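Source file: model15.cif; contents: mmCIF, C-alpha atoms and all ligand atoms.
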```
data_query
loop_
_atom_site.group_PDB
_atom_site.id
_atom_site.type_symbol
_atom_site.label_atom_id
_atom_site.label_comp_id
_atom_site.auth_asym_id
_atom_site.auth_seq_id
_atom_site.Cartn_x
_atom_site.Cartn_y
_atom_site.Cartn_z
ATOM 1 C CA MET A 1 -48.808 30.469 -50.359
ATOM 2 C CA SER A 2 -46.266 31.856 -52.724
ATOM 3 C CA THR A 3 -44.116 33.563 -50.098
ATOM 4 C CA ARG A 4 -40.989 31.698 -51.106
ATOM 5 C CA HIS A 5 -41.007 33.421 -54.478
ATOM 6 C CA GLN A 6 -41.001 36.845 -52.865
ATOM 7 C CA ARG A 7 -37.990 38.825 -51.787
ATOM 8 C CA PRO A 8 -37.351 39.353 -48.055
ATOM 9 C CA ALA A 9 -37.712 43.118 -48.482
ATOM 10 C CA ALA A 10 -41.403 42.602 -49.242
ATOM 11 C CA PHE A 11 -41.985 40.742 -45.965
ATOM 12 C CA GLY A 12 -43.356 42.167 -42.754
ATOM 13 C CA ALA A 13 -41.572 40.787 -39.684
ATOM 14 C CA ALA A 14 -44.363 38.291 -38.983
ATOM 15 C CA ALA A 15 -44.586 37.102 -42.580
ATOM 16 C CA PHE A 16 -40.825 36.668 -42.664
ATOM 17 C CA ALA A 17 -40.851 34.631 -39.441
ATOM 18 C CA LEU A 18 -43.532 32.444 -41.001
ATOM 19 C CA ALA A 19 -41.474 32.008 -44.159
ATOM 20 C CA MET A 20 -38.494 30.969 -42.057
ATOM 21 C CA ALA A 21 -40.692 28.547 -40.131
ATOM 22 C CA ILE A 22 -41.963 26.841 -43.293
ATOM 23 C CA SER A 23 -38.696 26.983 -45.199
ATOM 24 C CA PRO A 24 -37.425 23.600 -43.896
ATOM 25 C CA LEU A 25 -40.218 22.029 -46.023
ATOM 26 C CA ALA A 26 -38.293 23.165 -49.062
ATOM 27 C CA THR A 27 -34.990 21.692 -47.883
ATOM 28 C CA PRO A 28 -33.829 18.097 -48.556
ATOM 29 C CA PRO A 29 -34.957 15.265 -46.216
ATOM 30 C CA ALA A 30 -33.299 15.069 -42.788
ATOM 31 C CA GLN A 31 -30.831 12.375 -43.841
ATOM 32 C CA ALA A 32 -29.560 14.349 -46.792
ATOM 33 C CA THR A 33 -29.277 17.485 -44.663
ATOM 34 C CA SER A 34 -27.264 15.669 -42.035
ATOM 35 C CA ALA A 35 -24.967 14.189 -44.698
ATOM 36 C CA ALA A 36 -24.516 17.652 -46.177
ATOM 37 C CA MET A 37 -23.652 19.045 -42.733
ATOM 38 C CA HIS A 38 -21.083 16.341 -42.202
ATOM 39 C CA GLN A 39 -19.556 17.290 -45.523
ATOM 40 C CA VAL A 40 -19.590 20.985 -44.567
ATOM 41 C CA VAL A 41 -17.640 20.220 -41.399
ATOM 42 C CA GLN A 42 -15.125 18.031 -43.209
ATOM 43 C CA LEU A 43 -14.501 20.579 -45.948
ATOM 44 C CA GLU A 44 -14.088 23.345 -43.396
ATOM 45 C CA LEU A 45 -11.530 21.406 -41.429
ATOM 46 C CA ALA A 46 -9.637 20.713 -44.624
ATOM 47 C CA ALA A 47 -9.808 24.364 -45.626
ATOM 48 C CA SER A 48 -8.623 25.725 -42.279
ATOM 49 C CA SER A 49 -5.666 23.353 -41.959
ATOM 50 C CA ALA A 50 -4.531 24.190 -45.481
ATOM 51 C CA ARG A 51 -4.558 27.977 -45.044
ATOM 52 C CA PRO A 52 -1.087 29.234 -46.023
ATOM 53 C CA ALA A 53 -1.231 32.414 -43.913
ATOM 54 C CA THR A 54 2.375 32.750 -42.780
ATOM 55 C CA ALA A 55 3.862 31.504 -46.044
ATOM 56 C CA ALA A 56 1.924 34.135 -47.996
ATOM 57 C CA LEU A 57 3.217 36.895 -45.704
ATOM 58 C CA ALA A 58 6.872 35.875 -45.864
ATOM 59 C CA THR A 59 7.732 38.263 -48.692
ATOM 60 C CA LYS A 60 5.568 41.144 -47.439
ATOM 61 C CA PRO A 61 7.030 44.217 -45.701
ATOM 62 C CA LYS A 62 7.089 44.143 -41.911
ATOM 63 C CA PRO A 63 4.466 46.440 -40.378
ATOM 64 C CA PRO A 64 5.473 48.987 -37.685
ATOM 65 C CA ARG A 65 5.356 47.358 -34.228
ATOM 66 C CA ASP A 66 6.583 50.105 -31.859
ATOM 67 C CA PRO A 67 3.550 50.880 -29.647
ATOM 68 C CA ALA A 68 5.018 54.241 -28.599
ATOM 69 C CA LYS A 69 4.635 55.426 -32.214
ATOM 70 C CA SER A 70 1.371 56.448 -33.819
ATOM 71 C CA ASP A 71 1.810 54.177 -36.842
ATOM 72 C CA VAL A 72 1.932 50.889 -34.870
ATOM 73 C CA LEU A 73 -0.126 47.987 -36.198
ATOM 74 C CA VAL A 74 -1.965 46.070 -33.485
ATOM 75 C CA ASN A 75 -4.438 43.327 -34.304
ATOM 76 C CA LYS A 76 -5.104 39.671 -33.488
ATOM 77 C CA LYS A 77 -2.138 38.586 -35.601
ATOM 78 C CA TYR A 78 0.213 41.359 -34.453
ATOM 79 C CA PRO A 79 -0.204 41.757 -30.668
ATOM 80 C CA LEU A 80 1.541 44.389 -28.585
ATOM 81 C CA VAL A 81 5.223 43.835 -27.835
ATOM 82 C CA PRO A 82 5.525 43.527 -24.889
ATOM 83 C CA ARG A 83 2.005 42.227 -24.292
ATOM 84 C CA GLN A 84 1.701 44.137 -21.007
ATOM 85 C CA TYR A 85 2.848 47.401 -22.600
ATOM 86 C CA VAL A 86 1.830 50.616 -20.808
ATOM 87 C CA PRO A 87 2.122 53.835 -22.867
ATOM 88 C CA ARG A 88 2.827 57.362 -21.666
ATOM 89 C CA LEU A 89 -0.637 58.751 -20.978
ATOM 90 C CA THR A 90 -2.435 62.034 -20.490
ATOM 91 C CA GLU A 91 -6.024 62.552 -19.384
ATOM 92 C CA ILE A 92 -8.704 64.149 -21.540
ATOM 93 C CA PRO A 93 -10.090 66.772 -19.112
ATOM 94 C CA GLY A 94 -13.474 65.956 -17.643
ATOM 95 C CA THR A 95 -13.643 62.401 -18.982
ATOM 96 C CA GLY A 96 -11.344 60.309 -16.793
ATOM 97 C CA ILE A 97 -10.155 58.781 -20.081
ATOM 98 C CA ARG A 98 -6.470 58.711 -20.989
ATOM 99 C CA LEU A 99 -4.625 58.660 -24.338
ATOM 100 C CA GLN A 100 -1.042 58.962 -25.541
ATOM 101 C CA PRO A 101 -0.183 62.700 -25.555
ATOM 102 C CA PRO A 102 -0.161 63.196 -29.378
ATOM 103 C CA ALA A 103 -3.510 61.364 -29.687
ATOM 104 C CA ALA A 104 -4.935 63.402 -26.791
ATOM 105 C CA LYS A 105 -3.872 66.671 -28.423
ATOM 106 C CA ALA A 106 -5.353 65.630 -31.777
ATOM 107 C CA TYR A 107 -8.568 64.534 -30.058
ATOM 108 C CA LYS A 108 -8.959 67.935 -28.368
ATOM 109 C CA ASN A 109 -8.607 69.635 -31.753
ATOM 110 C CA LEU A 110 -11.125 67.231 -33.260
ATOM 111 C CA VAL A 111 -13.662 67.923 -30.492
ATOM 112 C CA ALA A 112 -13.224 71.694 -30.927
ATOM 113 C CA ALA A 113 -13.734 71.414 -34.701
ATOM 114 C CA ALA A 114 -16.844 69.272 -34.199
ATOM 115 C CA ARG A 115 -18.255 71.778 -31.724
ATOM 116 C CA ARG A 116 -17.783 74.573 -34.275
ATOM 117 C CA ASP A 117 -19.961 72.446 -36.588
ATOM 118 C CA GLY A 118 -22.565 72.058 -33.847
ATOM 119 C CA VAL A 119 -21.591 68.452 -33.111
ATOM 120 C CA ASN A 120 -21.038 67.484 -29.470
ATOM 121 C CA ILE A 121 -18.956 64.293 -29.290
ATOM 122 C CA ARG A 122 -18.908 62.048 -26.233
ATOM 123 C CA LEU A 123 -15.709 60.079 -25.600
ATOM 124 C CA THR A 124 -16.625 56.639 -24.232
ATOM 125 C CA SER A 125 -13.286 54.803 -24.214
ATOM 126 C CA GLY A 126 -9.587 55.399 -24.710
ATOM 127 C CA TYR A 127 -6.670 53.616 -23.051
ATOM 128 C CA ARG A 128 -7.538 50.249 -21.564
ATOM 129 C CA SER A 129 -4.897 48.388 -19.590
ATOM 130 C CA TYR A 130 -3.980 44.726 -20.097
ATOM 131 C CA ALA A 131 -5.823 43.877 -16.844
ATOM 132 C CA VAL A 132 -8.985 45.776 -17.821
ATOM 133 C CA GLN A 133 -9.052 44.092 -21.248
ATOM 134 C CA LYS A 134 -8.581 40.702 -19.575
ATOM 135 C CA GLY A 135 -11.591 41.371 -17.341
ATOM 136 C CA LEU A 136 -13.676 42.543 -20.323
ATOM 137 C CA LEU A 137 -12.965 39.387 -22.329
ATOM 138 C CA GLU A 138 -13.764 37.205 -19.306
ATOM 139 C CA LYS A 139 -17.064 39.031 -18.795
ATOM 140 C CA TYR A 140 -18.062 38.577 -22.464
ATOM 141 C CA THR A 141 -16.948 34.929 -22.432
ATOM 142 C CA ARG A 142 -19.236 34.223 -19.460
ATOM 143 C CA ALA A 143 -22.105 36.003 -21.190
ATOM 144 C CA TYR A 144 -21.718 34.813 -24.802
ATOM 145 C CA GLY A 145 -19.239 31.917 -24.899
ATOM 146 C CA SER A 146 -15.656 32.138 -26.064
ATOM 147 C CA THR A 147 -16.225 32.101 -29.849
ATOM 148 C CA TYR A 148 -18.445 35.158 -29.900
ATOM 149 C CA ALA A 149 -16.557 36.893 -27.083
ATOM 150 C CA ARG A 150 -13.345 36.784 -29.101
ATOM 151 C CA ARG A 151 -15.150 38.326 -32.040
ATOM 152 C CA ILE A 152 -16.219 41.391 -30.126
ATOM 153 C CA ALA A 153 -13.357 41.787 -27.628
ATOM 154 C CA ALA A 154 -9.634 41.525 -28.167
ATOM 155 C CA LYS A 155 -7.421 39.253 -26.113
ATOM 156 C CA PRO A 156 -5.380 41.234 -23.550
ATOM 157 C CA GLY A 157 -2.223 42.380 -25.286
ATOM 158 C CA SER A 158 -3.875 42.607 -28.703
ATOM 159 C CA SER A 159 -6.351 45.454 -28.194
ATOM 160 C CA GLU A 160 -5.676 48.782 -29.888
ATOM 161 C CA HIS A 161 -7.089 50.438 -26.780
ATOM 162 C CA GLN A 162 -4.012 49.252 -24.861
ATOM 163 C CA THR A 163 -1.849 51.480 -27.098
ATOM 164 C CA GLY A 164 -3.622 54.622 -25.892
ATOM 165 C CA LEU A 165 -4.098 55.534 -29.566
ATOM 166 C CA ALA A 166 -7.683 54.309 -30.048
ATOM 167 C CA ILE A 167 -10.940 56.009 -29.094
ATOM 168 C CA ASP A 168 -14.577 54.964 -28.963
ATOM 169 C CA VAL A 169 -17.024 57.812 -29.404
ATOM 170 C CA GLY A 170 -20.747 58.064 -28.875
ATOM 171 C CA ASN A 171 -23.794 60.237 -28.445
ATOM 172 C CA HIS A 172 -24.539 61.882 -25.103
ATOM 173 C CA ASN A 173 -28.002 60.243 -25.107
ATOM 174 C CA ARG A 174 -26.304 56.845 -25.813
ATOM 175 C CA ALA A 175 -28.215 56.487 -29.108
ATOM 176 C CA CYS A 176 -26.836 53.531 -31.118
ATOM 177 C CA ALA A 177 -24.027 53.066 -28.582
ATOM 178 C CA LEU A 178 -21.534 50.493 -29.901
ATOM 179 C CA GLN A 179 -23.953 49.556 -32.682
ATOM 180 C CA ALA A 180 -23.678 49.734 -36.467
ATOM 181 C CA CYS A 181 -26.477 52.334 -36.548
ATOM 182 C CA PHE A 182 -24.077 54.781 -34.852
ATOM 183 C CA ALA A 183 -22.892 55.495 -38.405
ATOM 184 C CA THR A 184 -26.280 57.036 -39.197
ATOM 185 C CA THR A 185 -26.221 59.461 -36.241
ATOM 186 C CA LYS A 186 -25.029 63.085 -36.577
ATOM 187 C CA ILE A 187 -21.803 62.336 -34.686
ATOM 188 C CA GLY A 188 -21.188 59.095 -36.599
ATOM 189 C CA LYS A 189 -21.502 60.937 -39.915
ATOM 190 C CA TRP A 190 -19.322 63.825 -38.778
ATOM 191 C CA MET A 191 -16.600 61.470 -37.574
ATOM 192 C CA ALA A 192 -16.603 59.376 -40.751
ATOM 193 C CA LYS A 193 -16.126 62.551 -42.805
ATOM 194 C CA ASN A 194 -13.805 64.630 -40.617
ATOM 195 C CA ALA A 195 -11.765 62.309 -38.381
ATOM 196 C CA PRO A 196 -8.931 61.817 -40.944
ATOM 197 C CA ARG A 197 -8.267 65.598 -41.006
ATOM 198 C CA HIS A 198 -7.412 65.268 -37.327
ATOM 199 C CA GLY A 199 -5.292 62.139 -37.666
ATOM 200 C CA PHE A 200 -7.924 59.518 -36.798
ATOM 201 C CA ILE A 201 -9.018 56.695 -39.099
ATOM 202 C CA LEU A 202 -12.125 54.524 -38.974
ATOM 203 C CA ARG A 203 -10.278 51.387 -37.953
ATOM 204 C CA TYR A 204 -12.880 48.662 -38.568
ATOM 205 C CA PRO A 205 -14.735 49.547 -41.776
ATOM 206 C CA LYS A 206 -17.769 47.713 -43.071
ATOM 207 C CA GLY A 207 -17.099 44.398 -44.839
ATOM 208 C CA MET A 208 -13.456 44.227 -43.694
ATOM 209 C CA GLU A 209 -13.775 41.699 -40.878
ATOM 210 C CA SER A 210 -11.673 39.117 -42.697
ATOM 211 C CA VAL A 211 -8.876 41.720 -42.849
ATOM 212 C CA THR A 212 -9.101 43.550 -39.504
ATOM 213 C CA GLY A 213 -10.490 40.672 -37.427
ATOM 214 C CA TYR A 214 -13.434 42.813 -36.302
ATOM 215 C CA ALA A 215 -16.940 43.484 -37.515
ATOM 216 C CA TYR A 216 -17.894 47.033 -38.573
ATOM 217 C CA GLU A 217 -17.335 49.482 -35.688
ATOM 218 C CA PRO A 218 -18.324 52.991 -36.812
ATOM 219 C CA TRP A 219 -17.543 54.266 -33.278
ATOM 220 C CA HIS A 220 -13.927 53.102 -33.041
ATOM 221 C CA PHE A 221 -11.243 55.424 -34.401
ATOM 222 C CA ARG A 222 -7.506 55.080 -34.293
ATOM 223 C CA TYR A 223 -4.958 57.893 -34.156
ATOM 224 C CA VAL A 224 -2.273 57.415 -36.825
ATOM 225 C CA GLY A 225 -1.285 61.074 -37.258
ATOM 226 C CA THR A 226 -2.660 63.527 -39.809
ATOM 227 C CA ALA A 227 -0.112 62.756 -42.534
ATOM 228 C CA GLN A 228 -0.890 59.041 -42.557
ATOM 229 C CA ALA A 229 -4.650 59.499 -42.084
ATOM 230 C CA LYS A 230 -4.770 61.835 -45.085
ATOM 231 C CA ALA A 231 -2.533 59.510 -47.130
ATOM 232 C CA MET A 232 -4.855 56.623 -46.367
ATOM 233 C CA ALA A 233 -7.974 58.666 -47.178
ATOM 234 C CA GLY A 234 -6.483 59.481 -50.568
ATOM 235 C CA SER A 235 -5.465 55.879 -51.295
ATOM 236 C CA THR A 236 -7.310 52.658 -52.005
ATOM 237 C CA SER A 237 -6.250 51.269 -48.599
ATOM 238 C CA LYS A 238 -9.391 50.828 -46.548
ATOM 239 C CA THR A 239 -7.552 49.431 -43.526
ATOM 240 C CA LEU A 240 -4.178 49.709 -41.787
ATOM 241 C CA GLU A 241 -3.558 46.107 -42.851
ATOM 242 C CA HIS A 242 -3.997 47.087 -46.509
ATOM 243 C CA PHE A 243 -1.859 50.197 -46.015
ATOM 244 C CA TYR A 244 1.015 48.085 -44.662
ATOM 245 C CA GLY A 245 0.536 45.352 -47.265
ATOM 246 C CA VAL A 246 -0.272 42.641 -44.743
ATOM 247 C CA ALA A 247 -3.927 42.126 -45.697
ATOM 248 C CA PRO A 248 -5.008 39.040 -47.612
ATOM 249 C CA ALA A 249 -6.000 39.821 -51.195
ATOM 250 C CA PRO A 250 -9.703 40.775 -51.246
ATOM 251 C CA GLY A 251 -12.539 38.703 -52.680
ATOM 252 C CA PRO A 252 -12.229 35.768 -55.066
ATOM 253 C CA THR A 253 -8.487 36.343 -55.703
ATOM 254 C CA ALA A 254 -7.886 35.099 -52.135
ATOM 255 C CA THR A 255 -8.714 31.561 -53.263
ATOM 256 C CA LYS A 256 -5.966 29.310 -54.556
ATOM 257 C CA PRO A 257 -5.132 29.772 -58.263
ATOM 258 C CA SER A 258 -5.796 26.080 -58.899
ATOM 259 C CA ALA A 259 -9.376 26.367 -57.620
ATOM 260 C CA PRO A 260 -12.127 26.464 -60.243
ATOM 261 C CA LYS A 261 -13.631 29.931 -60.760
ATOM 262 C CA SER A 262 -17.331 29.013 -60.722
ATOM 263 C CA GLY A 263 -19.615 28.258 -57.772
ATOM 264 C CA THR A 264 -17.941 24.880 -57.378
ATOM 265 C CA VAL A 265 -15.125 26.400 -55.316
ATOM 266 C CA LYS A 266 -14.740 24.264 -52.155
ATOM 267 C CA ASN A 267 -15.639 26.972 -49.642
ATOM 268 C CA THR A 268 -18.711 28.286 -51.476
ATOM 269 C CA ARG A 269 -22.242 27.262 -50.442
ATOM 270 C CA LYS A 270 -25.747 28.015 -51.636
ATOM 271 C CA THR A 271 -28.533 29.065 -49.292
ATOM 272 C CA THR A 272 -31.511 26.693 -49.348
ATOM 273 C CA ALA A 273 -33.768 29.226 -47.600
ATOM 274 C CA ASN A 274 -33.941 32.960 -46.923
ATOM 275 C CA LEU A 275 -31.167 32.874 -44.374
ATOM 276 C CA ASN A 276 -30.225 35.394 -41.697
ATOM 277 C CA LEU A 277 -26.595 36.512 -41.596
ATOM 278 C CA ARG A 278 -25.952 37.358 -37.942
ATOM 279 C CA ARG A 279 -23.227 39.074 -35.926
ATOM 280 C CA GLY A 280 -22.684 36.005 -33.784
ATOM 281 C CA PRO A 281 -23.289 32.244 -33.813
ATOM 282 C CA SER A 282 -26.664 32.476 -32.068
ATOM 283 C CA THR A 283 -30.217 33.576 -32.882
ATOM 284 C CA GLY A 284 -29.880 36.097 -30.033
ATOM 285 C CA THR A 285 -27.441 38.234 -32.033
ATOM 286 C CA THR A 286 -28.166 41.071 -34.441
ATOM 287 C CA ILE A 287 -29.144 40.281 -38.028
ATOM 288 C CA ILE A 288 -26.723 41.927 -40.460
ATOM 289 C CA ARG A 289 -28.911 41.047 -43.442
ATOM 290 C CA THR A 290 -31.161 38.337 -44.794
ATOM 291 C CA VAL A 291 -29.509 36.442 -47.617
ATOM 292 C CA PRO A 292 -32.102 35.387 -50.227
ATOM 293 C CA ARG A 293 -32.595 31.687 -50.924
ATOM 294 C CA GLY A 294 -30.303 30.391 -53.679
ATOM 295 C CA SER A 295 -27.538 32.961 -53.016
ATOM 296 C CA ALA A 296 -23.848 32.062 -53.015
ATOM 297 C CA VAL A 297 -22.036 32.401 -49.689
ATOM 298 C CA ARG A 298 -18.282 32.058 -49.121
ATOM 299 C CA LEU A 299 -17.289 30.286 -45.900
ATOM 300 C CA THR A 300 -14.385 31.711 -43.903
ATOM 301 C CA GLY A 301 -13.608 28.355 -42.280
ATOM 302 C CA LYS A 302 -14.724 29.441 -38.801
ATOM 303 C CA LYS A 303 -17.531 27.521 -37.111
ATOM 304 C CA SER A 304 -19.278 27.234 -33.779
ATOM 305 C CA GLY A 305 -21.589 24.261 -33.188
ATOM 306 C CA SER A 306 -23.963 24.097 -36.171
ATOM 307 C CA TRP A 307 -23.110 27.714 -37.079
ATOM 308 C CA VAL A 308 -20.615 28.663 -39.766
ATOM 309 C CA GLN A 309 -19.095 32.020 -40.623
ATOM 310 C CA GLY A 310 -19.543 33.197 -44.179
ATOM 311 C CA THR A 311 -19.400 36.213 -46.455
ATOM 312 C CA HIS A 312 -22.192 37.443 -48.680
ATOM 313 C CA ARG A 313 -21.545 40.461 -50.947
ATOM 314 C CA GLY A 314 -18.946 41.995 -48.642
ATOM 315 C CA ALA A 315 -20.749 41.331 -45.340
ATOM 316 C CA THR A 316 -19.338 38.680 -43.032
ATOM 317 C CA GLY A 317 -21.454 37.018 -40.381
ATOM 318 C CA TRP A 318 -22.724 33.771 -38.951
ATOM 319 C CA MET A 319 -25.440 31.511 -40.324
ATOM 320 C CA SER A 320 -26.957 28.161 -39.602
ATOM 321 C CA SER A 321 -25.223 25.449 -41.680
ATOM 322 C CA ARG A 322 -28.599 23.652 -41.900
ATOM 323 C CA TYR A 323 -29.654 25.933 -44.729
ATOM 324 C CA LEU A 324 -26.486 25.752 -46.793
ATOM 325 C CA ARG A 325 -25.763 23.276 -49.536
HETATM 326 ZN ZN ZN B 1 -12.929 50.531 -29.522
#
```
Re-express the file's structure as structure tokens.
Ligand SMILES: [Zn+2]
Amino acid sequence: MSTRHQRPAAFGAAAFALAMAISPLATPPAQATSAAMHQVVQLELAASSARPATAALATKPKPPRDPAKSDVLVNKKYPLVPRQYVPRLTEIPGTGIRLQPPAAKAYKNLVAAARRDGVNIRLTSGYRSYAVQKGLLEKYTRAYGSTYARRIAAKPGSSEHQTGLAIDVGNHNRACALQACFATTKIGKWMAKNAPRHGFILRYPKGMESVTGYAYEPWHFRYVGTAQAKAMAGSTSKTLEHFYGVAPAPGPTATKPSAPKSGTVKNTRKTTANLNLRRGPSTGTTIIRTVPRGSAVRLTGKKSGSWVQGTHRGATGWMSSRYLR
């Protein structure tokens, strides 16, 4: 068979599964693989302990932290102050969902504008209290383990939903609910195009997980006010972190200046098989893409068992370290 010379796009699902099943034949003997894995782990530990995160931020401007204001930055690094903050809230009629009054007003205008375009948006989440977020994280931790749970749910006190400024939207028939394919639905497309006019930004864009801390969420929008949303839309800032100057420099420039520029950079690996990049550290999670054999992958330094997190052409996900060299 010559399947290993073909590209994954040419595979049917069954043929691809077969290729994955036979691909270990093409990898080094077990001993070499195990030695390579040991090395992977050691290098990752070295990389993560050497990360100069706080030092690099020392000279950067301080982002807005007042959760009563629409420009507040809330993420894993900048939690709410105080952590158990409760905003002033108003209910969106007929939904049982509450938002801060300016966000609620903007949302009503957004819904009316969408309806004029024949788009009927369903609001699925708004304000979530500290206690509700705590319960959500505990539920996901029981179901998926703590590593993956923390990737998909914020710790209580660090969720944007606790500000009352964030919304999750969906389709009334639940199509692509909380999935990347939501972006391809009529509502997903309308929101991506029109939300900034109403003061809402797509908060977790594609390929920005290393900056925002979250995978692509085309359903999650954040109220920042129309002036800022329009300013961001007209700028090169893809995220709030970029807009406030607290994002790490993108791509290869994030590596240390002393590091060599070629594929010999410490945290770069090559795939030894057509390798699935997944949303979580388990074969039960969604495949983001299949990375062709021989491709370069940058490791983020995060790992879970034999799984490591890496980036391939702007997409960040998890892959088995067994097929990396
Ligand atoms: Zn959300």
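The interatomic distance for the pair atom CA of A:Glu91 and atom CA of A:Pro218 works out to 23.4 Å.
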For the file shown, what are the residues hit by the PyMOL selection byres (((chain A and resi 134) around 12) and not hetatm), laid out as a PyMOL selection string? chain A and resi 83-84+128-133+135-141+149-150+153-159+162
Can you check which parts of chain A lie within 8 Å of ligand ZN 1 (chain B)? Per residue, the shortest pair of atoms and distance in Å to one decimal, counting only C-alpha atoms and all ligand atoms, sorted by chain and number, as a Markdown table.
```
| residue | atom | partner | partner_atom | distance |
| --- | --- | --- | --- | --- |
| A:Ser125 | CA | B:ZN1 | ZN | 6.8 |
| A:Gly126 | CA | B:ZN1 | ZN | 7.6 |
| A:Glu160 | CA | B:ZN1 | ZN | 7.5 |
| A:His161 | CA | B:ZN1 | ZN | 6.5 |
| A:Ala166 | CA | B:ZN1 | ZN | 6.5 |
| A:Ile167 | CA | B:ZN1 | ZN | 5.8 |
| A:Asp168 | CA | B:ZN1 | ZN | 4.8 |
| A:Glu217 | CA | B:ZN1 | ZN | 7.7 |
| A:Trp219 | CA | B:ZN1 | ZN | 7.0 |
| A:His220 | CA | B:ZN1 | ZN | 4.5 |
| A:Phe221 | CA | B:ZN1 | ZN | 7.1 |
```
Generate the output file for the selected residues, C-alpha atoms, as an mmCIF file, in the frame of the given file.
```
data_model
loop_
_atom_site.group_PDB
_atom_site.id
_atom_site.type_symbol
_atom_site.label_atom_id
_atom_site.label_comp_id
_atom_site.auth_asym_id
_atom_site.auth_seq_id
_atom_site.Cartn_x
_atom_site.Cartn_y
_atom_site.Cartn_z
ATOM 1 C CA SER A 125 -13.286 54.803 -24.214
ATOM 2 C CA GLY A 126 -9.587 55.399 -24.710
ATOM 3 C CA GLU A 160 -5.676 48.782 -29.888
ATOM 4 C CA HIS A 161 -7.089 50.438 -26.780
ATOM 5 C CA ALA A 166 -7.683 54.309 -30.048
ATOM 6 C CA ILE A 167 -10.940 56.009 -29.094
ATOM 7 C CA ASP A 168 -14.577 54.964 -28.963
ATOM 8 C CA GLU A 217 -17.335 49.482 -35.688
ATOM 9 C CA TRP A 219 -17.543 54.266 -33.278
ATOM 10 C CA HIS A 220 -13.927 53.102 -33.041
ATOM 11 C CA PHE A 221 -11.243 55.424 -34.401
#
```
Skip A:Pro64 itself and residues of its chain fewer than 5 positions away, then list as a ChimeraX atom specification all residues within 10 Å of it, counting all atoms listed in the file. /A:69-74,78,244
List the spatial neighbours of stretch 105-120 of chain A as a ChimeraX atom specification - criterion: any atom at most 7 Å away, only C-alpha atoms, same-chain residues fewer than 6 positions off excluded. /A:187,198-199
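Reported to one decimal place, the separation of atom CA of A:Thr311 from atom CA of A:Leu275 is 12.4 Å.
Straight-line separation from atom CA of A:Leu165 to atom CA of A:Arg88: 10.7 Å.
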Expected residue set, 6 Å radius at (-32.2, 29.9, -52.4), all atoms listed in the file, as a PDB file with C-alpha atoms, keeping the file's coordinate frame:
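Generated file (point-v8.pdb):
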```
ATOM      1  CA  THR A 271     -28.533  29.065 -49.292  1.00  0.00           C
ATOM      2  CA  THR A 272     -31.511  26.693 -49.348  1.00  0.00           C
ATOM      3  CA  ALA A 273     -33.768  29.226 -47.600  1.00  0.00           C
ATOM      4  CA  PRO A 292     -32.102  35.387 -50.227  1.00  0.00           C
ATOM      5  CA  ARG A 293     -32.595  31.687 -50.924  1.00  0.00           C
ATOM      6  CA  GLY A 294     -30.303  30.391 -53.679  1.00  0.00           C
ATOM      7  CA  SER A 295     -27.538  32.961 -53.016  1.00  0.00           C
TER       8      SER A 295
END
```
My list of candidates is A:Pro102, A:Gly170, A:Pro79, A:Gly310. Which is closest to A:Lys189 when distances are computed with only C-alpha atoms? A:Gly170
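Within the file as shown, the PyMOL selection byres (((chain A and resi 94) around 12) and not hetatm) identifies Glu91, Ile92, Pro93, Thr95, Gly96, Ile97, Arg98, Lys108, Arg122, Leu123 and Thr124 of chain A.
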Selection export as a PDB file, in the frame of the given file, atoms kept: C-alpha atoms:
```pdb
ATOM      1  CA  GLU A  91      -6.024  62.552 -19.384  1.00  0.00           C
ATOM      2  CA  ILE A  92      -8.704  64.149 -21.540  1.00  0.00           C
ATOM      3  CA  PRO A  93     -10.090  66.772 -19.112  1.00  0.00           C
ATOM      4  CA  THR A  95     -13.643  62.401 -18.982  1.00  0.00           C
ATOM      5  CA  GLY A  96     -11.344  60.309 -16.793  1.00  0.00           C
ATOM      6  CA  ILE A  97     -10.155  58.781 -20.081  1.00  0.00           C
ATOM      7  CA  ARG A  98      -6.470  58.711 -20.989  1.00  0.00           C
ATOM      8  CA  LYS A 108      -8.959  67.935 -28.368  1.00  0.00           C
ATOM      9  CA  ARG A 122     -18.908  62.048 -26.233  1.00  0.00           C
ATOM     10  CA  LEU A 123     -15.709  60.079 -25.600  1.00  0.00           C
ATOM     11  CA  THR A 124     -16.625  56.639 -24.232  1.00  0.00           C
TER      12      THR A 124
END
```
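Remark: for A:Val308, the closest of the candidate residues A:Lys206, A:Arg269, A:Lys62, A:Arg289 is A:Arg269 (distances computed over all atoms listed in the file).
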Of the residues A:Met232, A:Leu299, A:Leu89, A:Ile152, which is the one nearest to A:Ile201, using all atoms listed in the file? A:Met232
For the provided coordinates, the residues matched by the PyMOL selection byres (((chain A and resi 211-216) around 10) and not hetatm) should be stated as a PyMOL selection string. chain A and resi 74-77+150-154+179-180+183+202-210+217-220+238-242+246-250+279+315-317
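Residues in contact range of A:Gly164, defined as at most 6 Å between only C-alpha atoms, with sequence neighbours fewer than 3 positions away removed, read A:Leu99, A:Gln100, A:Tyr127, A:His161.
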Report, as lines of an AutoDock Vina configuration file, the axis-aligned box around all atoms of stretch 127-138 of chain A present in the file, extended by 8 Å on each side; give centre and edge lengths in Å to one decimal place.
```
center_x = -8.9
center_y = 45.4
center_z = -19.9
size_x = 25.8
size_y = 32.4
size_z = 22.2
```
